[in-house]
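Enquirer: See final18.cif below, with mmCIF, C-alpha atoms; chains and numbers go by the auth columns.
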data_structure
#
loop_
_atom_site.group_PDB
_atom_site.id
_atom_site.type_symbol
_atom_site.label_atom_id
_atom_site.label_comp_id
_atom_site.label_asym_id
_atom_site.label_seq_id
_atom_site.Cartn_x
_atom_site.Cartn_y
_atom_site.Cartn_z
_atom_site.B_iso_or_equiv
_atom_site.auth_seq_id
_atom_site.auth_asym_id
ATOM 1 C CA THR A 1 13.543 -37.118 20.977 0.00 17 K
ATOM 2 C CA GLN A 2 11.067 -38.403 18.396 0.00 18 K
ATOM 3 C CA LEU A 3 8.369 -40.690 19.747 0.00 19 K
ATOM 4 C CA LEU A 4 8.336 -42.481 16.397 0.00 20 K
ATOM 5 C CA GLU A 5 11.498 -43.155 14.398 0.00 21 K
ATOM 6 C CA GLN A 6 11.072 -43.963 10.732 0.00 22 K
ATOM 7 C CA SER A 7 13.776 -45.497 8.580 0.00 23 K
ATOM 8 C CA PRO A 8 15.170 -45.069 6.110 0.00 24 K
ATOM 9 C CA GLN A 9 14.611 -41.348 5.730 0.00 25 K
ATOM 10 C CA PHE A 10 15.001 -41.565 1.940 0.00 26 K
ATOM 11 C CA LEU A 11 14.811 -44.505 -0.439 0.00 27 K
ATOM 12 C CA SER A 12 15.225 -44.546 -4.215 0.00 28 K
ATOM 13 C CA ILE A 13 14.824 -47.849 -6.009 0.00 29 K
ATOM 14 C CA GLN A 14 14.156 -49.216 -9.465 0.00 30 K
ATOM 15 C CA GLU A 15 10.651 -50.157 -10.599 0.00 31 K
ATOM 16 C CA GLY A 16 9.971 -53.805 -9.884 0.00 32 K
ATOM 17 C CA GLU A 17 12.187 -54.056 -6.804 0.00 33 K
ATOM 18 C CA ASN A 18 10.937 -54.889 -3.304 0.00 34 K
ATOM 19 C CA LEU A 19 11.414 -52.658 -0.261 0.00 35 K
ATOM 20 C CA THR A 20 10.653 -52.409 3.432 0.00 36 K
ATOM 21 C CA VAL A 21 10.352 -49.296 5.575 0.00 37 K
ATOM 22 C CA TYR A 22 10.141 -49.203 9.341 0.00 38 K
ATOM 23 C CA CYS A 23 8.469 -47.309 12.156 0.00 39 K
ATOM 24 C CA ASN A 24 9.963 -47.866 15.611 0.00 40 K
ATOM 25 C CA SER A 25 9.339 -46.666 19.148 0.00 41 K
ATOM 26 C CA SER A 26 10.202 -47.580 22.718 0.00 42 K
ATOM 27 C CA SER A 27 6.553 -47.069 23.712 0.00 43 K
ATOM 28 C CA VAL A 28 3.626 -49.469 23.426 0.00 44 K
ATOM 29 C CA PHE A 29 0.601 -48.390 21.415 0.00 45 K
ATOM 30 C CA SER A 30 -2.940 -49.658 21.114 0.00 46 K
ATOM 31 C CA SER A 31 -2.821 -49.144 17.355 0.00 47 K
ATOM 32 C CA LEU A 32 -0.708 -47.641 14.595 0.00 48 K
ATOM 33 C CA GLN A 33 -1.622 -46.051 11.292 0.00 49 K
ATOM 34 C CA TRP A 34 0.224 -45.682 7.987 0.00 50 K
ATOM 35 C CA TYR A 35 -0.450 -42.743 5.676 0.00 51 K
ATOM 36 C CA ARG A 36 0.891 -41.866 2.225 0.00 52 K
ATOM 37 C CA GLN A 37 1.365 -38.265 1.144 0.00 53 K
ATOM 38 C CA GLU A 38 1.878 -37.242 -2.476 0.00 54 K
ATOM 39 C CA PRO A 39 3.531 -33.919 -3.393 0.00 55 K
ATOM 40 C CA GLY A 40 1.238 -30.932 -2.877 0.00 56 K
ATOM 41 C CA GLU A 41 -1.450 -32.924 -1.094 0.00 57 K
ATOM 42 C CA GLY A 42 -2.451 -33.967 2.401 0.00 58 K
ATOM 43 C CA PRO A 43 -1.755 -37.460 3.754 0.00 59 K
ATOM 44 C CA VAL A 44 -4.190 -40.271 3.011 0.00 60 K
ATOM 45 C CA LEU A 45 -4.750 -43.230 5.321 0.00 61 K
ATOM 46 C CA LEU A 46 -3.523 -46.590 4.041 0.00 62 K
ATOM 47 C CA VAL A 47 -4.151 -48.869 7.014 0.00 63 K
ATOM 48 C CA THR A 48 -4.687 -49.135 10.767 0.00 64 K
ATOM 49 C CA VAL A 49 -3.138 -52.074 12.645 0.00 65 K
ATOM 50 C CA VAL A 50 -4.418 -52.835 16.130 0.00 66 K
ATOM 51 C CA THR A 51 -3.266 -56.297 17.284 0.00 67 K
ATOM 52 C CA GLY A 52 0.304 -57.326 18.120 0.00 68 K
ATOM 53 C CA GLY A 53 1.663 -59.452 15.266 0.00 69 K
ATOM 54 C CA GLU A 54 -1.150 -58.405 12.929 0.00 70 K
ATOM 55 C CA VAL A 55 -0.445 -58.485 9.198 0.00 71 K
ATOM 56 C CA LYS A 56 -2.610 -56.563 6.728 0.00 72 K
ATOM 57 C CA LYS A 57 -2.305 -56.596 2.962 0.00 73 K
ATOM 58 C CA LEU A 58 -3.367 -53.866 0.554 0.00 74 K
ATOM 59 C CA LYS A 59 -2.610 -55.123 -2.958 0.00 75 K
ATOM 60 C CA ARG A 60 1.226 -55.044 -3.164 0.00 76 K
ATOM 61 C CA LEU A 61 1.619 -53.423 0.265 0.00 77 K
ATOM 62 C CA THR A 62 2.016 -55.564 3.396 0.00 78 K
ATOM 63 C CA PHE A 63 1.810 -53.966 6.833 0.00 79 K
ATOM 64 C CA GLN A 64 2.899 -55.659 10.048 0.00 80 K
ATOM 65 C CA PHE A 65 2.452 -54.571 13.651 0.00 81 K
ATOM 66 C CA GLY A 66 5.164 -55.838 15.993 0.00 82 K
ATOM 67 C CA ASP A 67 4.303 -58.487 18.552 0.00 83 K
ATOM 68 C CA ALA A 68 4.997 -56.035 21.379 0.00 84 K
ATOM 69 C CA ARG A 69 3.043 -53.249 19.618 0.00 85 K
ATOM 70 C CA LYS A 70 6.086 -50.946 19.627 0.00 86 K
ATOM 71 C CA ASP A 71 6.964 -51.041 15.948 0.00 87 K
ATOM 72 C CA SER A 72 5.635 -51.632 12.476 0.00 88 K
ATOM 73 C CA SER A 73 6.877 -52.300 8.985 0.00 89 K
ATOM 74 C CA LEU A 74 5.589 -51.655 5.484 0.00 90 K
ATOM 75 C CA HIS A 75 6.754 -53.950 2.706 0.00 91 K
ATOM 76 C CA ILE A 76 6.107 -53.132 -0.962 0.00 92 K
ATOM 77 C CA THR A 77 6.433 -55.885 -3.544 0.00 93 K
ATOM 78 C CA ALA A 78 7.352 -55.037 -7.143 0.00 94 K
ATOM 79 C CA ALA A 79 7.353 -51.278 -6.600 0.00 95 K
ATOM 80 C CA GLN A 80 5.648 -49.093 -9.189 0.00 96 K
ATOM 81 C CA PRO A 81 6.190 -45.370 -9.979 0.00 97 K
ATOM 82 C CA GLY A 82 2.745 -44.749 -8.479 0.00 98 K
ATOM 83 C CA ASP A 83 4.115 -45.845 -5.077 0.00 99 K
ATOM 84 C CA THR A 84 6.274 -42.715 -4.976 0.00 100 K
ATOM 85 C CA GLY A 85 5.493 -40.504 -1.996 0.00 101 K
ATOM 86 C CA LEU A 86 6.104 -39.794 1.665 0.00 102 K
ATOM 87 C CA TYR A 87 5.091 -42.660 3.963 0.00 103 K
ATOM 88 C CA LEU A 88 4.155 -41.629 7.485 0.00 104 K
ATOM 89 C CA CYS A 89 3.323 -43.700 10.538 0.00 105 K
ATOM 90 C CA ALA A 90 1.117 -42.253 13.273 0.00 106 K
ATOM 91 C CA VAL A 91 -0.037 -43.189 16.768 0.00 107 K
ATOM 92 C CA TYR A 92 -2.102 -41.737 19.577 0.00 108 K
ATOM 93 C CA SER A 93 0.384 -40.644 22.253 0.00 109 K
ATOM 94 C CA SER A 94 -2.416 -39.849 24.714 0.00 110 K
ATOM 95 C CA ALA A 95 -6.136 -39.264 24.538 0.00 111 K
ATOM 96 C CA SER A 96 -6.852 -37.453 21.292 0.00 112 K
ATOM 97 C CA LYS A 97 -3.219 -36.466 20.569 0.00 113 K
ATOM 98 C CA ILE A 98 -1.980 -37.941 17.334 0.00 114 K
ATOM 99 C CA ILE A 99 1.764 -38.073 16.724 0.00 115 K
ATOM 100 C CA PHE A 100 3.386 -38.645 13.327 0.00 116 K
ATOM 101 C CA GLY A 101 6.825 -39.976 12.507 0.00 117 K
ATOM 102 C CA SER A 102 9.145 -37.921 10.303 0.00 118 K
ATOM 103 C CA GLY A 103 8.416 -40.153 7.327 0.00 119 K
ATOM 104 C CA THR A 104 10.199 -42.132 4.633 0.00 120 K
ATOM 105 C CA ARG A 105 10.418 -40.422 1.265 0.00 121 K
ATOM 106 C CA LEU A 106 10.182 -43.087 -1.423 0.00 122 K
ATOM 107 C CA SER A 107 11.111 -42.580 -5.062 0.00 123 K
ATOM 108 C CA ILE A 108 10.552 -45.287 -7.660 0.00 124 K
ATOM 109 C CA ARG A 109 12.587 -44.940 -10.861 0.00 125 K
ATOM 110 C CA PRO A 110 10.941 -46.210 -14.072 0.00 126 K
ATOM 111 C CA ASN B 1 -19.074 -33.773 -0.131 0.00 5 P
ATOM 112 C CA ALA B 2 -16.201 -31.307 -0.325 0.00 6 P
ATOM 113 C CA GLY B 3 -14.395 -33.074 2.554 0.00 7 P
ATOM 114 C CA VAL B 4 -11.867 -30.822 4.306 0.00 8 P
ATOM 115 C CA THR B 5 -11.248 -27.455 2.678 0.00 9 P
ATOM 116 C CA GLN B 6 -8.525 -24.951 3.515 0.00 10 P
ATOM 117 C CA THR B 7 -8.031 -21.342 2.465 0.00 11 P
ATOM 118 C CA PRO B 8 -5.878 -19.712 1.341 0.00 12 P
ATOM 119 C CA LYS B 9 -3.699 -22.165 -0.591 0.00 13 P
ATOM 120 C CA PHE B 10 -0.683 -19.838 -0.500 0.00 14 P
ATOM 121 C CA GLN B 11 0.128 -16.845 1.698 0.00 15 P
ATOM 122 C CA VAL B 12 3.108 -14.522 2.176 0.00 16 P
ATOM 123 C CA LEU B 13 3.282 -12.436 5.338 0.00 17 P
ATOM 124 C CA LYS B 14 5.713 -9.956 6.777 0.00 18 P
ATOM 125 C CA THR B 15 7.068 -10.470 10.279 0.00 19 P
ATOM 126 C CA GLY B 16 4.583 -9.183 12.838 0.00 20 P
ATOM 127 C CA GLN B 17 1.505 -9.432 10.639 0.00 21 P
ATOM 128 C CA SER B 18 -1.489 -11.435 11.745 0.00 22 P
ATOM 129 C CA MET B 19 -3.721 -13.715 9.757 0.00 23 P
ATOM 130 C CA THR B 20 -6.242 -16.529 10.020 0.00 24 P
ATOM 131 C CA LEU B 21 -5.998 -19.830 8.168 0.00 25 P
ATOM 132 C CA GLN B 22 -9.456 -21.179 7.467 0.00 26 P
ATOM 133 C CA CYS B 23 -10.491 -24.832 7.721 0.00 27 P
ATOM 134 C CA ALA B 24 -13.934 -26.300 7.161 0.00 28 P
ATOM 135 C CA GLN B 25 -15.335 -29.827 6.904 0.00 29 P
ATOM 136 C CA ASP B 26 -18.757 -31.043 5.790 0.00 30 P
ATOM 137 C CA MET B 27 -18.591 -34.585 7.188 0.00 31 P
ATOM 138 C CA ASN B 28 -20.037 -33.719 10.637 0.00 32 P
ATOM 139 C CA HIS B 29 -16.761 -34.814 12.260 0.00 33 P
ATOM 140 C CA GLU B 30 -16.320 -34.018 15.930 0.00 34 P
ATOM 141 C CA TYR B 31 -12.498 -34.109 15.946 0.00 35 P
ATOM 142 C CA MET B 32 -10.460 -31.482 14.103 0.00 36 P
ATOM 143 C CA SER B 33 -6.788 -30.658 14.266 0.00 37 P
ATOM 144 C CA TRP B 34 -4.052 -28.449 12.837 0.00 38 P
ATOM 145 C CA TYR B 35 -0.566 -29.633 11.872 0.00 39 P
ATOM 146 C CA ARG B 36 2.510 -27.984 10.457 0.00 40 P
ATOM 147 C CA GLN B 37 4.912 -29.794 8.165 0.00 41 P
ATOM 148 C CA ASP B 38 8.503 -28.664 7.737 0.00 42 P
ATOM 149 C CA PRO B 39 11.129 -30.088 5.344 0.00 43 P
ATOM 150 C CA GLY B 40 12.510 -33.403 6.572 0.00 44 P
ATOM 151 C CA MET B 41 9.939 -33.649 9.309 0.00 45 P
ATOM 152 C CA GLY B 42 6.598 -35.293 9.620 0.00 46 P
ATOM 153 C CA LEU B 43 3.481 -33.545 10.809 0.00 47 P
ATOM 154 C CA ARG B 44 3.555 -31.819 14.172 0.00 48 P
ATOM 155 C CA LEU B 45 0.308 -31.231 16.028 0.00 49 P
ATOM 156 C CA ILE B 46 -0.384 -27.563 16.822 0.00 50 P
ATOM 157 C CA HIS B 47 -3.899 -27.576 18.330 0.00 51 P
ATOM 158 C CA TYR B 48 -6.854 -29.900 18.263 0.00 52 P
ATOM 159 C CA SER B 49 -10.548 -29.920 19.133 0.00 53 P
ATOM 160 C CA VAL B 50 -12.754 -32.807 20.218 0.00 54 P
ATOM 161 C CA GLY B 51 -15.957 -30.876 19.571 0.00 55 P
ATOM 162 C CA ALA B 52 -17.508 -27.418 19.306 0.00 56 P
ATOM 163 C CA GLY B 53 -16.382 -25.217 22.178 0.00 57 P
ATOM 164 C CA ILE B 54 -13.482 -27.492 23.185 0.00 58 P
ATOM 165 C CA THR B 55 -9.862 -26.989 22.138 0.00 59 P
ATOM 166 C CA ASP B 56 -6.504 -28.150 23.471 0.00 60 P
ATOM 167 C CA GLN B 57 -2.805 -27.756 22.757 0.00 61 P
ATOM 168 C CA GLY B 58 -0.689 -30.138 20.734 0.00 62 P
ATOM 169 C CA GLU B 59 3.117 -30.434 20.471 0.00 63 P
ATOM 170 C CA VAL B 60 3.869 -26.959 19.100 0.00 64 P
ATOM 171 C CA PRO B 61 1.103 -24.518 20.159 0.00 65 P
ATOM 172 C CA ASN B 62 3.176 -21.367 20.796 0.00 66 P
ATOM 173 C CA GLY B 63 2.329 -18.469 18.479 0.00 67 P
ATOM 174 C CA TYR B 64 -0.998 -19.958 17.399 0.00 68 P
ATOM 175 C CA ASN B 65 -4.581 -19.589 18.639 0.00 69 P
ATOM 176 C CA VAL B 66 -7.672 -21.601 17.758 0.00 70 P
ATOM 177 C CA SER B 67 -11.381 -21.558 18.492 0.00 71 P
ATOM 178 C CA ARG B 68 -14.223 -23.929 17.600 0.00 72 P
ATOM 179 C CA SER B 69 -17.578 -22.198 17.608 0.00 73 P
ATOM 180 C CA THR B 70 -19.202 -24.648 15.176 0.00 74 P
ATOM 181 C CA THR B 71 -18.694 -28.317 14.292 0.00 75 P
ATOM 182 C CA GLU B 72 -17.773 -27.370 10.720 0.00 76 P
ATOM 183 C CA ASP B 73 -15.095 -24.704 11.192 0.00 77 P
ATOM 184 C CA PHE B 74 -11.730 -24.663 12.952 0.00 78 P
ATOM 185 C CA PRO B 75 -9.695 -21.536 12.129 0.00 79 P
ATOM 186 C CA LEU B 76 -6.034 -21.151 13.084 0.00 80 P
ATOM 187 C CA ARG B 77 -4.834 -17.659 14.002 0.00 81 P
ATOM 188 C CA LEU B 78 -1.301 -16.338 13.858 0.00 82 P
ATOM 189 C CA LEU B 79 -1.253 -13.256 16.067 0.00 83 P
ATOM 190 C CA SER B 80 2.224 -11.956 15.151 0.00 84 P
ATOM 191 C CA ALA B 81 3.871 -13.963 12.408 0.00 85 P
ATOM 192 C CA ALA B 82 7.537 -14.929 12.708 0.00 86 P
ATOM 193 C CA PRO B 83 9.899 -16.429 10.087 0.00 87 P
ATOM 194 C CA SER B 84 9.950 -19.648 12.166 0.00 88 P
ATOM 195 C CA GLN B 85 6.283 -20.097 11.272 0.00 89 P
ATOM 196 C CA THR B 86 7.114 -20.522 7.594 0.00 90 P
ATOM 197 C CA SER B 87 5.698 -23.956 6.880 0.00 91 P
ATOM 198 C CA VAL B 88 2.931 -25.943 5.232 0.00 92 P
ATOM 199 C CA TYR B 89 -0.163 -26.130 7.400 0.00 93 P
ATOM 200 C CA PHE B 90 -2.642 -28.992 7.250 0.00 94 P
ATOM 201 C CA CYS B 91 -6.062 -29.207 8.803 0.00 95 P
ATOM 202 C CA ALA B 92 -7.577 -32.629 9.464 0.00 96 P
ATOM 203 C CA SER B 93 -10.839 -34.030 10.760 0.00 97 P
ATOM 204 C CA SER B 94 -12.099 -37.401 11.942 0.00 98 P
ATOM 205 C CA TYR B 95 -15.311 -38.895 13.253 0.00 99 P
ATOM 206 C CA GLY B 96 -13.814 -39.202 16.740 0.00 100 P
ATOM 207 C CA GLY B 97 -10.527 -38.712 18.562 0.00 101 P
ATOM 208 C CA GLY B 98 -9.896 -42.387 19.226 0.00 102 P
ATOM 209 C CA PRO B 99 -6.916 -44.336 17.873 0.00 103 P
ATOM 210 C CA HIS B 100 -8.832 -46.229 15.211 0.00 104 P
ATOM 211 C CA ASN B 101 -10.272 -43.214 13.458 0.00 105 P
ATOM 212 C CA GLU B 102 -9.144 -42.156 9.991 0.00 106 P
ATOM 213 C CA GLN B 103 -7.867 -38.617 9.722 0.00 107 P
ATOM 214 C CA PHE B 104 -9.063 -36.756 6.602 0.00 108 P
ATOM 215 C CA PHE B 105 -6.667 -34.018 5.560 0.00 109 P
ATOM 216 C CA GLY B 106 -7.180 -30.819 3.637 0.00 110 P
ATOM 217 C CA PRO B 107 -4.891 -29.814 0.739 0.00 111 P
ATOM 218 C CA GLY B 108 -2.715 -27.561 2.900 0.00 112 P
ATOM 219 C CA THR B 109 -1.801 -23.864 3.134 0.00 113 P
ATOM 220 C CA ARG B 110 1.733 -22.875 2.194 0.00 114 P
ATOM 221 C CA LEU B 111 2.784 -19.963 4.384 0.00 115 P
ATOM 222 C CA THR B 112 5.940 -17.893 4.006 0.00 116 P
ATOM 223 C CA VAL B 113 6.867 -15.300 6.613 0.00 117 P
ATOM 224 C CA LEU B 114 9.470 -12.757 5.482 0.00 118 P
#
Show me, as structure tokens, the structure contained in the file I just sent.

Expert:
Amino acid sequence: TQLLEQSPQFLSIQEGENLTVYCNSSSVFSSLQWYRQEPGEGPVLLVTVVTGGEVKKLKRLTFQFGDARKDSSLHITAAQPGDTGLYLCAVYSSASKIIFGSGTRLSIRP
Amino acid sequence: NAGVTQTPKFQVLKTGQSMTLQCAQDMNHEYMSWYRQDPGMGLRLIHYSVGAGITDQGEVPNGYNVSRSTTEDFPLRLLSAAPSQTSVYFCASSYGGGPHNEQFFGPGTRLTVL
């Protein structure tokens, strides 16, 4: 059983559309991170959310941490081809052990 | 700053062969870790280290050994490669092991075991 469930697994949308991807768990976490991975490269950190209900914005990307600190969402407004990639959420399951979700693979069609 | 470097970039092994995947960082990070990434799956933690001389197991440690003799280097050893170890391997480092630390990843090593 995955500690973190990400949905959808795959998403292909037209440039300019909006989208939301999710990261869910039955466990409570002190913080949650979102990474983006482009083909042939390692993941790169986008944001860390630490407070229940917290909302962080990074240009067209909006990240929210659930009130109960069990889930998170990533909303992209007016998607661009440069947003294409694998989006991964990650948490610390115990001291120093970092666990990643299986990811959402996003494709933006021009 | 080179960041996190990994060698080799690609490797093909035969079943039963051994090899070492190299990982180095020049950011003076205490925390280093190894992940494998398989199609349709995220990153799974193999081993990690919170500092020189200290290592511990992650989710999928079987078939892999690590050591951390210096802050900079964290090699991953496959003692007897198996086809199930075909994967992309990523090394990462961070300033500390706490939940607010950013993980910096290397470019990955693509390993095929025949």

Enquirer: As a ChimeraX atom specification, please: the residues near P:Gly112 (cut-off 9 Å, only C-alpha atoms, same-chain neighbours under 3 positions excluded).

Expert: /K:56-58 /P:9-14,92-95,109

Enquirer: Take atom CA of K:Arg85 and atom CA of K:Ser23 and report the distance between them in Å, one decimal.

Expert: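 Atom-to-atom, atom CA of K:Arg85 and atom CA of K:Ser23 are spaced 17.2 Å apart.
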
Enquirer: Counting only C-alpha atoms, find the residues whose atoms lie at most 10 Å from (-19.1, -25.7, 18.4) (file coordinates) and write them out as a list in words.

Expert: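 Residues satisfying the cut-off, written out: Glu34, Ser53, Val54, Gly55, Ala56, Gly57, Ile58, Ser71, Arg72, Ser73, Thr74, Thr75, Glu76, Asp77 and Phe78 of chain P.
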
Enquirer: Please determine, counting all atoms listed in the file, which residue among K:Ile29, K:Val66, K:Ala84, K:Leu74 has the shortest atom-to-atom distance to K:Ser42.

Expert: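 Result for the nearest residue to K:Ser42: K:Ala84.
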
Enquirer: May I have the centre and edge lengths, in Å to one decimal, of an axis-aligned box around the listed atoms of stretch 67-78 of chain P with 5 Å added to every side, as AutoDock Vina command-line options?

Expert:
--center_x -8.4 --center_y -23.4 --center_z 14.7 --size_x 31.5 --size_y 19.8 --size_z 17.9

Enquirer: Which residues would end up in the selection if the PyMOL selection byres ((chain K and resi 79) around 8) were applied here, given that I need the answer as a list in words?

Expert: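 So the PyMOL selection byres ((chain K and resi 79) around 8), applied here, picks out Val63, Val65, Val71, Lys72, Lys73, Leu77, Thr78, Gln80, Phe81, Ser88, Ser89, Leu90 and His91 of chain K.
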
Enquirer: With distances taken over only C-alpha atoms, which residue among K:Ala106, K:Arg121, K:Ile115, K:Gln96 lies nearest K:Glu31?

Expert: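 Closest to K:Glu31 of all the choices is K:Gln96.
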
Enquirer: Considering only C-alpha atoms, can you say which of K:Val60, K:Ala94, K:Leu27, K:Val44 comes closest to chain P?

Expert: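 Looking only at the distances to chain P, the closest residue turns out to be K:Val60.
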
Enquirer: Check what the PyMOL selection byres ((chain P) within 8 of (chain K)) selects in the file above and give those residues as a list in words.

Expert: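 After applying the PyMOL selection byres ((chain P) within 8 of (chain K)), what remains is Gly44, Met45, Gly46, Leu47, Arg48, Leu49, Tyr52, Val54, Gly62, Phe94, Gly101, Gly102, Pro103, His104, Glu106, Gln107, Phe108, Phe109, Gly110, Pro111 and Gly112 of chain P.
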
Enquirer: From the list P:Gln89, P:Gln15, P:Ser97, P:Ser84, which residue is nearest P:Asn32 when using all atoms listed in the file?

Expert: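 The answer is P:Ser97, which sits nearest to P:Asn32.
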
Enquirer: Between atom CA of P:Leu82 and atom CA of P:Met36, what is the distance, to one decimal in Å?

Expert: 17.7 Å

Enquirer: Figure out the distance between atom CA of K:Ser41 and atom CA of K:Pro24, please, to one decimal in Å.

Expert: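 Rounded to one decimal, the two atoms are 14.4 Å apart.
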
Enquirer: Where does the PyMOL selection byres ((chain P and resi 79) around 7) land in this file, that is, which residues does it pick, as a PDB file with C-alpha atoms, in the frame of the given file?

Expert:
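Wrote result31.pdb, looks like this:
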ATOM      1  CA  THR P  24      -6.242 -16.529  10.020  1.00  0.00           C
ATOM      2  CA  LEU P  25      -5.998 -19.830   8.168  1.00  0.00           C
ATOM      3  CA  GLN P  26      -9.456 -21.179   7.467  1.00  0.00           C
ATOM      4  CA  CYS P  27     -10.491 -24.832   7.721  1.00  0.00           C
ATOM      5  CA  VAL P  70      -7.672 -21.601  17.758  1.00  0.00           C
ATOM      6  CA  SER P  71     -11.381 -21.558  18.492  1.00  0.00           C
ATOM      7  CA  ASP P  77     -15.095 -24.704  11.192  1.00  0.00           C
ATOM      8  CA  PHE P  78     -11.730 -24.663  12.952  1.00  0.00           C
ATOM      9  CA  LEU P  80      -6.034 -21.151  13.084  1.00  0.00           C
ATOM     10  CA  ARG P  81      -4.834 -17.659  14.002  1.00  0.00           C
TER      11      ARG P  81
END

Enquirer: Please list as a PyMOL selection string every residue within 7 Å of K:Gly82, counting all atoms listed in the file and excluding residues in the same chain fewer than 5 positions away.

Expert: chain K and resi 68-69+87-88

Enquirer: Would you mind listing what lies within 10 Å of K:Gly98 as a PyMOL selection string, with only C-alpha atoms counted and same-chain residues fewer than 5 positions away left out?

Expert: chain K and resi 31+54+123-124

Enquirer: Selection from above, C-alpha atoms, as a short mmCIF file (atom, residue, chain, number, x, y, z; two decimals), in the coordinates of the input, can you write it?

Expert:
data_model
loop_
_atom_site.label_atom_id
_atom_site.label_comp_id
_atom_site.auth_asym_id
_atom_site.auth_seq_id
_atom_site.Cartn_x
_atom_site.Cartn_y
_atom_site.Cartn_z
CA GLU K 31 10.65 -50.16 -10.60
CA GLU K 54 1.88 -37.24 -2.48
CA SER K 123 11.11 -42.58 -5.06
CA ILE K 124 10.55 -45.29 -7.66
#
